[in-house]
file data_8.tsv (TSV, C-alpha atoms)
chain	number	residue	atom	x	y	z
A	293	MET	CA	0.00	0.00	0.00
A	294	SER	CA	1.43	3.37	-1.03
A	295	SER	CA	1.95	6.16	1.48
A	296	LEU	CA	2.39	8.79	-1.23
A	297	PRO	CA	0.03	11.74	-0.81
A	298	THR	CA	-2.88	11.89	-3.21
A	299	LEU	CA	-3.32	14.80	-5.60
A	300	VAL	CA	-6.04	16.19	-3.32
A	301	GLU	CA	-3.67	16.07	-0.34
A	302	ARG	CA	-0.84	17.73	-2.29
A	303	LEU	CA	-3.15	20.48	-3.58
A	304	HIS	CA	-4.55	21.00	-0.10
A	305	ALA	CA	-1.03	21.31	1.34
A	306	ALA	CA	-0.20	23.95	-1.31
A	307	LEU	CA	-3.04	26.21	-0.17
A	308	PRO	CA	-2.51	28.85	2.55
A	309	GLN	CA	-5.25	27.43	4.83
A	310	THR	CA	-6.90	30.78	5.51
A	311	GLN	CA	-10.31	29.09	5.02
A	312	CYS	CA	-11.54	32.43	3.65
A	313	THR	CA	-14.05	30.94	1.13
A	314	ARG	CA	-13.05	33.50	-1.53
A	315	CYS	CA	-12.31	30.62	-3.90
A	316	GLY	CA	-16.02	29.86	-3.91
A	317	TYR	CA	-15.70	26.74	-1.75
A	318	PRO	CA	-16.43	26.33	1.98
A	319	ASP	CA	-12.78	25.67	2.84
A	320	CYS	CA	-9.37	24.89	1.40
A	321	ALA	CA	-10.02	21.13	1.43
A	322	ALA	CA	-13.15	21.48	-0.71
A	323	TYR	CA	-11.28	23.69	-3.17
A	324	ALA	CA	-8.44	21.15	-3.37
A	325	GLN	CA	-10.97	18.38	-4.02
A	326	ALA	CA	-12.63	20.41	-6.79
A	327	MET	CA	-9.27	21.16	-8.45
A	328	ALA	CA	-8.25	17.50	-8.31
A	329	GLN	CA	-11.50	16.56	-10.06
A	330	ASP	CA	-11.05	19.30	-12.71
A	331	GLN	CA	-14.13	21.09	-11.39
A	332	ALA	CA	-12.32	24.29	-10.41
A	333	PRO	CA	-9.46	26.25	-11.97
A	334	ILE	CA	-6.22	26.76	-10.08
A	335	ASN	CA	-6.46	30.56	-10.02
A	336	GLN	CA	-9.16	31.20	-7.41
A	337	CYS	CA	-7.13	31.69	-4.19
A	338	PRO	CA	-6.33	35.37	-3.47
A	339	PRO	CA	-4.41	34.64	-0.24
A	340	GLY	CA	-2.11	32.26	-2.14
A	341	GLY	CA	-1.61	34.82	-4.88
A	342	ALA	CA	0.64	34.32	-7.89
A	343	GLU	CA	3.02	32.06	-5.94
A	344	GLY	CA	0.10	29.87	-4.90
A	345	ILE	CA	-1.06	29.60	-8.50
A	346	ARG	CA	2.48	28.59	-9.54
A	347	ARG	CA	2.51	25.88	-6.86
A	348	LEU	CA	-0.88	24.56	-7.98
A	349	ALA	CA	0.20	24.66	-11.65
A	350	VAL	CA	3.23	22.48	-10.87
A	351	LEU	CA	1.02	19.96	-9.06
A	352	THR	CA	-1.69	19.82	-11.72
A	353	GLY	CA	0.39	20.29	-14.85
A	354	GLN	CA	-1.85	23.20	-15.84
A	355	PRO	CA	-0.43	26.46	-17.16
A	356	VAL	CA	0.04	29.38	-14.79
A	357	ARG	CA	-2.64	32.01	-15.30
A	358	PRO	CA	-3.51	35.24	-13.52
A	359	LEU	CA	-5.64	35.25	-10.40
A	360	ASN	CA	-9.33	35.33	-11.29
A	361	PRO	CA	-10.48	38.85	-10.33
A	362	ALA	CA	-13.94	37.48	-9.51
A	363	ASN	CA	-12.33	35.83	-6.45
A	364	GLY	CA	-10.51	38.95	-5.27
A	365	GLU	CA	-7.08	40.51	-5.55
A	366	GLU	CA	-3.71	39.46	-4.26
A	367	ALA	CA	-3.09	41.92	-1.46
A	368	PRO	CA	-1.16	42.27	1.78
A	369	ARG	CA	-2.37	39.88	4.48
A	370	GLN	CA	-5.01	41.45	6.66
A	371	MET	CA	-5.51	41.09	10.38
A	372	MET	CA	-8.79	41.79	12.09
A	373	TRP	CA	-9.06	43.83	15.26
A	374	ILE	CA	-12.06	44.58	17.40
A	375	ASP	CA	-12.85	48.04	18.69
A	376	GLU	CA	-13.62	46.79	22.16
A	377	ALA	CA	-15.46	49.99	23.10
A	378	TRP	CA	-18.11	49.17	20.47
A	379	CYS	CA	-18.28	45.38	20.93
A	380	ILE	CA	-21.64	44.28	22.37
A	381	GLY	CA	-20.59	40.67	23.00
A	382	CYS	CA	-23.05	39.09	20.57
A	383	THR	CA	-20.67	36.13	19.86
A	384	LEU	CA	-21.55	36.05	16.14
A	385	CYS	CA	-17.92	36.69	15.21
A	386	ILE	CA	-16.76	33.81	17.40
A	387	LYS	CA	-19.00	31.42	15.48
A	388	ALA	CA	-17.83	32.80	12.13
A	389	CYS	CA	-14.09	32.56	12.83
A	390	PRO	CA	-12.74	29.37	11.23
A	391	THR	CA	-9.63	29.26	13.44
A	392	ASP	CA	-11.10	30.32	16.80
A	393	ALA	CA	-8.95	33.46	16.77
A	394	ILE	CA	-11.69	35.45	18.52
A	395	VAL	CA	-12.27	35.11	22.24
A	396	GLY	CA	-14.93	36.56	24.46
A	397	SER	CA	-18.23	35.62	25.99
A	398	SER	CA	-21.84	36.61	25.64
A	399	LYS	CA	-22.49	40.25	26.51
A	400	HIS	CA	-18.77	40.89	27.13
A	401	MET	CA	-16.23	42.38	24.79
A	402	HIS	CA	-14.34	40.17	22.39
A	403	THR	CA	-10.77	40.36	21.17
A	404	ILE	CA	-8.65	38.83	18.41
A	405	ILE	CA	-5.70	36.56	19.10
A	406	GLU	CA	-3.46	37.99	16.40
A	407	ALA	CA	-1.25	34.90	16.07
A	408	TYR	CA	-4.29	32.86	15.02
A	409	CYS	CA	-6.07	35.36	12.76
A	410	THR	CA	-5.80	34.36	9.09
A	411	GLY	CA	-7.30	37.59	7.82
A	412	CYS	CA	-10.19	35.70	6.23
A	413	ALA	CA	-12.60	38.52	7.12
A	414	LEU	CA	-15.51	36.11	7.67
A	415	CYS	CA	-16.22	37.91	10.94
A	416	LEU	CA	-16.84	41.26	9.24
A	417	PRO	CA	-20.27	40.65	7.69
A	418	VAL	CA	-21.74	39.05	10.82
A	419	CYS	CA	-20.86	41.89	13.20
A	420	PRO	CA	-24.07	43.87	13.82
A	421	VAL	CA	-22.25	46.96	15.12
A	422	ASP	CA	-19.32	47.05	12.66
A	423	CYS	CA	-16.75	47.04	15.45
A	424	ILE	CA	-14.34	44.74	13.56
A	425	LYS	CA	-11.74	46.49	11.43
A	426	LEU	CA	-9.02	45.43	8.98
A	427	GLU	CA	-5.36	46.13	9.55
A	428	ASN	CA	-2.44	45.45	7.23
A	429	ALA	CA	-0.44	42.62	8.78
A	430	SER	CA	2.28	42.14	6.16
A	431	GLN	CA	3.20	45.61	4.90
A	432	LEU	CA	3.80	45.18	1.12
A	433	ALA	CA	4.21	41.39	1.15
A	434	THR	CA	1.37	39.47	-0.54
A	435	GLY	CA	0.46	35.84	-1.21
A	436	TRP	CA	2.90	33.28	0.16
A	437	ALA	CA	5.42	36.07	0.86
A	438	ALA	CA	2.96	37.30	3.53
A	439	TRP	CA	2.16	33.88	4.95
A	440	SER	CA	4.51	31.09	6.00
A	441	GLN	CA	4.09	27.35	5.69
A	442	ALA	CA	4.20	27.17	9.51
A	443	GLN	CA	1.31	29.65	9.75
A	444	ALA	CA	-0.65	27.62	7.20
A	445	ALA	CA	-0.06	24.42	9.18
A	446	GLU	CA	-1.15	26.10	12.44
A	447	SER	CA	-4.27	27.51	10.76
A	448	LEU	CA	-5.21	24.10	9.39
A	449	LYS	CA	-4.77	22.51	12.81
A	450	ARG	CA	-6.94	25.20	14.43
A	451	TYR	CA	-9.56	24.94	11.65
A	452	GLU	CA	-9.83	21.16	12.09
A	453	PHE	CA	-10.17	21.59	15.86
A	454	HIS	CA	-12.80	24.32	15.32
A	455	ASN	CA	-14.83	22.02	13.07
A	456	ALA	CA	-14.58	19.12	15.49
A	457	LEU	CA	-15.65	21.30	18.41
A	458	TRP	CA	-18.65	22.84	16.60
A	459	SER	CA	-19.67	19.41	15.33
A	460	LEU	CA	-19.57	18.05	18.88
A	461	LYS	CA	-21.65	20.99	20.14
A	462	SER	CA	-24.19	20.47	17.34
A	463	ASN	CA	-24.45	16.76	18.13
A	464	GLN	CA	-24.94	17.52	21.84
A	465	LYS	CA	-27.74	19.97	21.02
A	466	LEU	CA	-29.35	17.42	18.72
A	467	GLU	CA	-29.17	14.73	21.40
A	468	ALA	CA	-30.62	17.10	23.99
A	469	THR	CA	-33.61	17.89	21.77
A	470	THR	CA	-34.33	14.24	20.94
A	471	VAL	CA	-34.01	12.70	24.43
A	472	GLY	CA	-37.23	10.99	25.34
A	473	ARG	CA	-38.65	11.17	21.84
A	474	PRO	CA	-39.43	7.98	20.00
A	475	ALA	CA	-37.19	7.14	17.04
A	476	TYR	CA	-39.02	7.21	13.71
call {"tool": "encode", "arguments": {"input": "data_8.tsv", "output": "structure tokens"}}
result
Amino acid sequence: MSSLPTLVERLHAALPQTQCTRCGYPDCAAYAQAMAQDQAPINQCPPGGAEGIRRLAVLTGQPVRPLNPANGEEAPRQMMWIDEAWCIGCTLCIKACPTDAIVGSSKHMHTIIEAYCTGCALCLPVCPVDCIKLENASQLATGWAAWSQAQAAESLKRYEFHNALWSLKSNQKLEATTVGRPAY
């Protein structure tokens, strides 16, 4: 039995793991799966930028092409920050953050753990008081020049933990609502 990584695994490893959904898929793994099945082009990842497209081209044998502008622009890596004076503690941003980089509790201010923020900006649209702001985290560096392989690995680990935790919580809620009900 071969222990060589599959094409999906190699494509997934070449992505920056920001889980930003700008590629049009729910996460980096789904985008890798779609590319491996020739259902998505290799130029849909703004955080990976031109270097990311080159990496994906090498893996797929496809030609390098420019980033699809419909998915966004290659830009410096962003970091979110919360204006704590405006935060109402609604917890919507906590649920939206794919790497659990936001901490706080209901009706108390929240804050960003900068080391874990991927700059995905998924917290921005859910904030009802617009207290989350963008900050340039990489000066002029963009794509893989703004994001290390170690950061990508940490983000993936945190994203997988986040998914496992929210899945567990969902299952516990489901069990709590079905206790004592007959199975159909």
call {"tool": "residues_around", "arguments": {"input": "data_8.tsv", "residues": "Leu299 in chain A", "least_positions_apart": "3", "cutoff": "10 Å", "atoms": "all atoms listed in the file", "output": "number ranges by chain"}}
result
A: 296, 302-305, 324-325, 327-329, 351-352
call {"tool": "write_last_selection", "arguments": {"input": "data_8.tsv", "atoms": "C-alpha atoms", "output": "PDB file, in the frame of the given file"}}
result
ATOM      1  CA  LEU A 296       2.390   8.790  -1.230  1.00  0.00           C
ATOM      2  CA  ARG A 302      -0.840  17.730  -2.290  1.00  0.00           C
ATOM      3  CA  LEU A 303      -3.150  20.480  -3.580  1.00  0.00           C
ATOM      4  CA  HIS A 304      -4.550  21.000  -0.100  1.00  0.00           C
ATOM      5  CA  ALA A 305      -1.030  21.310   1.340  1.00  0.00           C
ATOM      6  CA  ALA A 324      -8.440  21.150  -3.370  1.00  0.00           C
ATOM      7  CA  GLN A 325     -10.970  18.380  -4.020  1.00  0.00           C
ATOM      8  CA  MET A 327      -9.270  21.160  -8.450  1.00  0.00           C
ATOM      9  CA  ALA A 328      -8.250  17.500  -8.310  1.00  0.00           C
ATOM     10  CA  GLN A 329     -11.500  16.560 -10.060  1.00  0.00           C
ATOM     11  CA  LEU A 351       1.020  19.960  -9.060  1.00  0.00           C
ATOM     12  CA  THR A 352      -1.690  19.820 -11.720  1.00  0.00           C
TER      13      THR A 352
END
call {"tool": "atom_distance", "arguments": {"input": "data_8.tsv", "atom1": "CA of Gly341 in chain A", "atom2": "CA of Thr403 in chain A"}}
result
28.2 Å
call {"tool": "closest_residue", "arguments": {"input": "data_8.tsv", "among": "A:Leu432, A:Cys382, A:Thr410, A:Lys461", "to": "Ala367 in chain A", "atoms": "only C-alpha atoms"}}
result
A:Leu432
call {"tool": "closest_residue", "arguments": {"input": "data_8.tsv", "among": "A:Ile386, A:Ala362, A:Cys419, A:Ala413", "to": "Thr310 in chain A", "atoms": "all atoms listed in the file"}}
result
A:Ala413
call {"tool": "closest_residue", "arguments": {"input": "data_8.tsv", "among": "A:Met371, A:Val421, A:Cys320, A:Cys312", "to": "Ala438 in chain A", "atoms": "all atoms listed in the file"}}
result
A:Met371
call {"tool": "atom_distance", "arguments": {"input": "data_8.tsv", "atom1": "CA of Leu359 in chain A", "atom2": "CA of Gln441 in chain A"}}
result
20.4 Å
call {"tool": "atom_distance", "arguments": {"input": "data_8.tsv", "atom1": "CA of Cys379 in chain A", "atom2": "CA of Met401 in chain A"}}
result
5.3 Å
call {"tool": "closest_residue", "arguments": {"input": "data_8.tsv", "among": "A:Leu307, A:Ile394, A:Ala321, A:Ala332", "to": "Trp373 in chain A", "atoms": "all atoms listed in the file"}}
result
A:Ile394
call {"tool": "residues_around", "arguments": {"input": "data_8.tsv", "residues": "Ala429 in chain A", "least_positions_apart": "2", "cutoff": "8 Å", "atoms": "only C-alpha atoms", "output": "PyMOL selection string"}}
result
chain A and resi 368-371+427+431
call {"tool": "residues_around", "arguments": {"input": "data_8.tsv", "residues": "Cys415 in chain A", "least_positions_apart": "6", "cutoff": "12 Å", "atoms": "only C-alpha atoms", "output": "tab-separated table (two decimals) with C-alpha atoms, in the coordinates of the input"}}
result
chain	number	residue	atom	x	y	z
A	312	CYS	CA	-11.54	32.43	3.65
A	371	MET	CA	-5.51	41.09	10.38
A	372	MET	CA	-8.79	41.79	12.09
A	373	TRP	CA	-9.06	43.83	15.26
A	374	ILE	CA	-12.06	44.58	17.40
A	382	CYS	CA	-23.05	39.09	20.57
A	383	THR	CA	-20.67	36.13	19.86
A	384	LEU	CA	-21.55	36.05	16.14
A	385	CYS	CA	-17.92	36.69	15.21
A	386	ILE	CA	-16.76	33.81	17.40
A	387	LYS	CA	-19.00	31.42	15.48
A	388	ALA	CA	-17.83	32.80	12.13
A	389	CYS	CA	-14.09	32.56	12.83
A	390	PRO	CA	-12.74	29.37	11.23
A	391	THR	CA	-9.63	29.26	13.44
A	392	ASP	CA	-11.10	30.32	16.80
A	393	ALA	CA	-8.95	33.46	16.77
A	394	ILE	CA	-11.69	35.45	18.52
A	402	HIS	CA	-14.34	40.17	22.39
A	403	THR	CA	-10.77	40.36	21.17
A	404	ILE	CA	-8.65	38.83	18.41
A	409	CYS	CA	-6.07	35.36	12.76
A	421	VAL	CA	-22.25	46.96	15.12
A	422	ASP	CA	-19.32	47.05	12.66
A	423	CYS	CA	-16.75	47.04	15.45
A	424	ILE	CA	-14.34	44.74	13.56
A	425	LYS	CA	-11.74	46.49	11.43
A	426	LEU	CA	-9.02	45.43	8.98
call {"tool": "axis_aligned_box", "arguments": {"input": "data_8.tsv", "around": "range 378-396 of chain A", "padding_each_side": "6 Å", "output": "lines of an AutoDock Vina configuration file"}}
result
center_x = -16.0
center_y = 39.2
center_z = 17.8
size_x = 26.1
size_y = 31.9
size_z = 25.2
call {"tool": "closest_residue", "arguments": {"input": "data_8.tsv", "among": "A:Glu366, A:Cys412, A:Ile334, A:Arg314", "to": "Val350 in chain A", "atoms": "only C-alpha atoms"}}
result
A:Ile334
